[in-house]
Every structure is written in C-alpha cells, then in structure tokens.
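Structure file entry_37.pdb (PDB, C-alpha atoms, pLDDT in the B column) is printed below.
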```
ATOM      1  CA  MET A 191       0.000   0.000   0.000  1.00 80.00           C
ATOM      2  CA  THR A 192       1.444   3.354  -1.024  1.00 91.00           C
ATOM      3  CA  ALA A 193       0.451   6.989  -1.257  1.00 96.00           C
ATOM      4  CA  LYS A 194       2.295   9.984  -2.641  1.00 96.00           C
ATOM      5  CA  ALA A 195       2.096  13.762  -2.595  1.00 96.00           C
ATOM      6  CA  LEU A 196       3.545  15.714  -5.492  1.00 95.00           C
ATOM      7  CA  LEU A 197       3.686  19.465  -6.038  1.00 94.00           C
ATOM      8  CA  THR A 198       2.853  20.122  -9.687  1.00 93.00           C
ATOM      9  CA  SER A 199       4.325  22.917 -11.789  1.00 90.00           C
ATOM     10  CA  ASP A 200       1.087  24.893 -11.447  1.00 91.00           C
ATOM     11  CA  GLY A 201       1.262  24.821  -7.642  1.00 90.00           C
ATOM     12  CA  ILE A 202      -1.314  22.083  -6.983  1.00 95.00           C
ATOM     13  CA  ILE A 203      -0.515  19.267  -4.600  1.00 96.00           C
ATOM     14  CA  GLN A 204      -1.545  16.019  -6.256  1.00 97.00           C
ATOM     15  CA  LEU A 205      -2.294  13.054  -4.000  1.00 98.00           C
ATOM     16  CA  SER A 206      -2.262   9.502  -5.294  1.00 97.00           C
ATOM     17  CA  GLY A 207      -2.535   5.963  -4.021  1.00 97.00           C
ATOM     18  CA  GLU A 208      -4.384   4.638  -1.001  1.00 96.00           C
ATOM     19  CA  LEU A 209      -5.030   7.050   1.857  1.00 96.00           C
ATOM     20  CA  LYS A 210      -5.308   4.424   4.552  1.00 94.00           C
ATOM     21  CA  PHE A 211      -3.899   4.087   8.034  1.00 93.00           C
ATOM     22  CA  PRO A 212      -0.647   2.250   7.202  1.00 91.00           C
ATOM     23  CA  VAL A 213       0.610   5.093   4.946  1.00 95.00           C
ATOM     24  CA  VAL A 214      -1.024   8.244   6.313  1.00 95.00           C
ATOM     25  CA  VAL A 215       1.683   9.031   8.886  1.00 93.00           C
ATOM     26  CA  GLN A 216       4.418   9.072   6.243  1.00 95.00           C
ATOM     27  CA  LEU A 217       2.204  10.974   3.807  1.00 97.00           C
ATOM     28  CA  ARG A 218       1.539  13.579   6.487  1.00 96.00           C
ATOM     29  CA  LYS A 219       5.273  14.242   6.716  1.00 96.00           C
ATOM     30  CA  GLU A 220       5.477  14.619   2.927  1.00 95.00           C
ATOM     31  CA  LEU A 221       2.535  17.017   2.879  1.00 96.00           C
ATOM     32  CA  GLU A 222       3.914  19.122   5.710  1.00 95.00           C
ATOM     33  CA  SER A 223       7.198  19.384   3.844  1.00 95.00           C
ATOM     34  CA  LEU A 224       5.358  20.629   0.750  1.00 95.00           C
ATOM     35  CA  LEU A 225       3.179  22.998   2.787  1.00 95.00           C
ATOM     36  CA  GLU A 226       5.914  24.558   4.943  1.00 90.00           C
ATOM     37  CA  SER A 227       6.627  27.352   2.464  1.00 81.00           C
ATOM     38  CA  VAL A 228       2.999  28.064   1.555  1.00 81.00           C
ATOM     39  CA  SER A 229       1.756  31.565   2.258  1.00 80.00           C
ATOM     40  CA  ASP A 230      -1.352  31.704   0.086  1.00 92.00           C
ATOM     41  CA  THR A 231      -4.011  29.282  -1.157  1.00 94.00           C
ATOM     42  CA  VAL A 232      -3.016  25.807  -2.316  1.00 95.00           C
ATOM     43  CA  HIS A 233      -5.317  23.292  -3.948  1.00 96.00           C
ATOM     44  CA  ILE A 234      -4.910  19.670  -2.916  1.00 97.00           C
ATOM     45  CA  ASP A 235      -6.200  17.340  -5.611  1.00 98.00           C
ATOM     46  CA  PHE A 236      -7.391  13.903  -4.527  1.00 97.00           C
ATOM     47  CA  SER A 237      -8.156  12.644  -8.051  1.00 97.00           C
ATOM     48  CA  GLY A 238      -5.299  10.130  -7.923  1.00 97.00           C
ATOM     49  CA  VAL A 239      -6.559   8.541  -4.712  1.00 97.00           C
ATOM     50  CA  VAL A 240      -7.892   5.039  -5.321  1.00 96.00           C
ATOM     51  CA  ALA A 241      -9.059   4.233  -1.775  1.00 95.00           C
ATOM     52  CA  SER A 242      -9.362   5.937   1.598  1.00 93.00           C
ATOM     53  CA  ASP A 243     -10.467   5.294   5.152  1.00 92.00           C
ATOM     54  CA  SER A 244     -11.133   7.499   8.165  1.00 91.00           C
ATOM     55  CA  SER A 245      -7.415   8.242   8.555  1.00 94.00           C
ATOM     56  CA  ALA A 246      -7.624  10.268   5.313  1.00 94.00           C
ATOM     57  CA  LEU A 247      -9.965  12.662   7.098  1.00 93.00           C
ATOM     58  CA  SER A 248      -7.534  12.843  10.005  1.00 94.00           C
ATOM     59  CA  LEU A 249      -4.766  13.646   7.530  1.00 96.00           C
ATOM     60  CA  TRP A 250      -6.843  16.494   6.079  1.00 95.00           C
ATOM     61  CA  MET A 251      -7.543  17.949   9.523  1.00 94.00           C
ATOM     62  CA  CYS A 252      -3.823  17.786  10.381  1.00 96.00           C
ATOM     63  CA  CYS A 253      -3.038  19.694   7.181  1.00 96.00           C
ATOM     64  CA  LEU A 254      -5.631  22.348   8.028  1.00 94.00           C
ATOM     65  CA  ARG A 255      -4.044  22.823  11.456  1.00 95.00           C
ATOM     66  CA  TYR A 256      -0.557  22.893   9.929  1.00 96.00           C
ATOM     67  CA  VAL A 257      -1.255  25.730   7.470  1.00 95.00           C
ATOM     68  CA  GLU A 258      -3.283  27.877   9.862  1.00 93.00           C
ATOM     69  CA  PRO A 259      -0.284  29.510  11.614  1.00 93.00           C
ATOM     70  CA  LEU A 260       1.333  30.012   8.201  1.00 91.00           C
ATOM     71  CA  GLY A 261      -1.582  32.227   7.183  1.00 92.00           C
ATOM     72  CA  ALA A 262      -2.277  29.892   4.284  1.00 93.00           C
ATOM     73  CA  LYS A 263      -5.364  28.122   3.064  1.00 94.00           C
ATOM     74  CA  ILE A 264      -5.763  24.686   1.511  1.00 95.00           C
ATOM     75  CA  VAL A 265      -8.654  23.822  -0.754  1.00 96.00           C
ATOM     76  CA  PRO A 266      -9.683  20.220  -1.427  1.00 96.00           C
ATOM     77  CA  VAL A 267     -10.385  19.150  -5.014  1.00 96.00           C
ATOM     78  CA  ASN A 268     -11.892  15.835  -6.195  1.00 96.00           C
ATOM     79  CA  VAL A 269     -12.411  14.492  -2.670  1.00 95.00           C
ATOM     80  CA  PRO A 270     -13.106  10.727  -2.646  1.00 93.00           C
ATOM     81  CA  GLU A 271     -16.674   9.693  -1.830  1.00 92.00           C
ATOM     82  CA  GLU A 272     -15.430   7.518   1.057  1.00 91.00           C
ATOM     83  CA  MET A 273     -13.722  10.497   2.637  1.00 92.00           C
ATOM     84  CA  LEU A 274     -16.803  12.672   2.204  1.00 92.00           C
ATOM     85  CA  HIS A 275     -18.897   9.966   3.853  1.00 89.00           C
ATOM     86  CA  PHE A 276     -16.609   9.783   6.904  1.00 87.00           C
ATOM     87  CA  ALA A 277     -16.667  13.581   7.166  1.00 90.00           C
ATOM     88  CA  GLU A 278     -20.465  13.677   7.069  1.00 89.00           C
ATOM     89  CA  VAL A 279     -20.774  10.981   9.726  1.00 91.00           C
ATOM     90  CA  VAL A 280     -18.605  12.883  12.207  1.00 87.00           C
ATOM     91  CA  GLY A 281     -19.822  16.359  11.270  1.00 85.00           C
ATOM     92  CA  LEU A 282     -16.621  17.578   9.599  1.00 86.00           C
ATOM     93  CA  ASP A 283     -17.944  17.889   6.051  1.00 84.00           C
ATOM     94  CA  LYS A 284     -17.773  21.698   6.249  1.00 86.00           C
ATOM     95  CA  HIS A 285     -13.968  21.324   6.365  1.00 81.00           C
ATOM     96  CA  LEU A 286     -14.070  19.692   2.942  1.00 82.00           C
ATOM     97  CA  GLY A 287     -16.062  22.495   1.346  1.00 76.00           C
ATOM     98  CA  GLN A 288     -19.336  20.605   1.606  1.00 53.00           C
TER      99      GLN A 288
END
```

In structure tokens, how does this file's structure come out?
Amino acid sequence: MTAKALLTSDGIIQLSGELKFPVVVQLRKELESLLESVSDTVHIDFSGVVASDSSALSLWMCCLRYVEPLGAKIVPVNVPEEMLHFAEVVGLDKHLGQ
C-alpha cells in the first residue's frame, strides 16, 4: 500500500494511491514538507486517490491545522466519496467544502 504527494508545476498538490492508516503518517510528513513554504491558497487534488479510510480525514484535519499559523489556506479538489462519507458521519464535512 502506497500513497504519494507531489507538487505540480502549477502549484497544486496532487495526492495519489491509497489514503489508509498504514501510509497516512508518512504521507503527512510529505505534505507538511510541501506545505511549509505556503503563504497563500493551495489546492490539494485527490483525483489520484484510489481508496481511503477514516485516517484520510484525520490527515486532512492535520493539514488544516498545519497551514493555519502560516496564514495559508488549503482547498480540497476531487475528494473521494469515502472520505466525504466519513466527514459527514462525524460532522466535519464543512472542512471539505461541503
């Protein structure tokens, strides 16, 4: 099981792979590394994600907390249905632009 985060030439962070518990901790470190120099709005595109579980929502919330003191904003794009479902169940769907 793998997941990756890649900063594209147009400034979008592209996620791919499976956003599940075994890989989320490492992916969080990758995302924080990409986000550490952000000072504006960055789109995070989930279109390459093939599967997710509740840890994907935890990852998103960690990223939101990480960019807040930087004065930056992250915007989710193409959020997986599974992730949206978990967010709705626990009342966090507003954090995914829903």

**OP:** Go ahead and compute the interatomic distance for atom CA of A:Pro259 and atom CA of A:Leu196, in Å to one decimal.
**Re:**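 Interatomic distance here is 22.3 Å.
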
**OP:** Let me know the residues the PyMOL selection byres ((chain A and resi 268) around 8) catches in the file above, as a list in words.
**Re:**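 Checked against the file, the PyMOL selection byres ((chain A and resi 268) around 8) matches Asp235, Phe236, Ser237, Pro266, Val267, Val269 and Pro270 of chain A.
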
Original post:
Of the residues A:Asp200, A:Thr192, A:Ile234, A:Val240, which is the one nearest to A:Leu217, using only C-alpha atoms?
Top reply: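 The answer is A:Thr192, which sits nearest to A:Leu217.
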
Got a sec: who's within 10 Å of A:Ser245, counting all atoms listed in the file, leaving out chain neighbours fewer than 4 positions off, as an mmCIF file with C-alpha atoms, in the frame of the given file?
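Below is the file result_31.cif, written as the result:
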```cif
data_model
loop_
_atom_site.group_PDB
_atom_site.id
_atom_site.type_symbol
_atom_site.label_atom_id
_atom_site.label_comp_id
_atom_site.auth_asym_id
_atom_site.auth_seq_id
_atom_site.Cartn_x
_atom_site.Cartn_y
_atom_site.Cartn_z
ATOM 1 C CA LEU A 209 -5.030 7.050 1.857
ATOM 2 C CA LYS A 210 -5.308 4.424 4.552
ATOM 3 C CA PHE A 211 -3.899 4.087 8.034
ATOM 4 C CA PRO A 212 -0.647 2.250 7.202
ATOM 5 C CA VAL A 213 0.610 5.093 4.946
ATOM 6 C CA VAL A 214 -1.024 8.244 6.313
ATOM 7 C CA VAL A 215 1.683 9.031 8.886
ATOM 8 C CA LEU A 249 -4.766 13.646 7.530
ATOM 9 C CA TRP A 250 -6.843 16.494 6.079
ATOM 10 C CA MET A 251 -7.543 17.949 9.523
ATOM 11 C CA MET A 273 -13.722 10.497 2.637
ATOM 12 C CA PHE A 276 -16.609 9.783 6.904
#
```

Padding of 4 Å on every side, edges along x, y and z, all listed atoms of stretch 237-252 of chain A included: what centre and edge lengths in Å, to one decimal, does that box have, as JSON?
```
{"center_x": -7.5, "center_y": 11.1, "center_z": 1.2, "size_x": 15.3, "size_y": 21.7, "size_z": 26.4}
```

Subject >> A:Asp230 surroundings by all atoms listed in the file, 9 Å radius, close-in-sequence under 3 positions cut, as a ChimeraX atom specification >> reply: /A:260-264

**OP:** Provide the atom CA of A:Leu221 to atom CA of A:Ser199 distance in Å, to one decimal place.
**Re:** 15.9 Å

Original post:
Given the choices A:His233, A:Lys194, A:Lys284, A:His275, which gets closest to A:Gly207 if the distance is worked out from only C-alpha atoms?
Top reply: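 Using only C-alpha atoms, the shortest distance to A:Gly207 belongs to A:Lys194.
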
**OP:** In Å, rounded to a single decimal, give me how far atom CA of A:Glu271 is from atom CA of A:Asp283.
**Re:** 11.4 Å

**OP:** Could you tell me which residues the PyMOL selection byres ((chain A and resi 223) around 12) returns for this structure, as a list in words?
**Re:**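 Output from the PyMOL selection byres ((chain A and resi 223) around 12), applied to this file: Ala195, Leu196, Leu197, Ile203, Gln216, Leu217, Arg218, Lys219, Glu220, Leu221, Glu222, Leu224, Leu225, Glu226, Ser227, Val228, Cys253, Tyr256 and Val257 of chain A.
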
**OP:** Counting all atoms listed in the file, figure out which residue out of A:Ser229, A:Ala246, A:His285, A:Gly238 gets nearest to A:Glu258.
**Re:**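 Selected residue with least distance to A:Glu258: A:Ser229.
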
Original post:
Of the residues A:Val265, A:Leu254, A:Ala193, A:Leu247, which is the one nearest to A:Ser206, using only C-alpha atoms?
Top reply: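 Selected residue with least distance to A:Ser206: A:Ala193.
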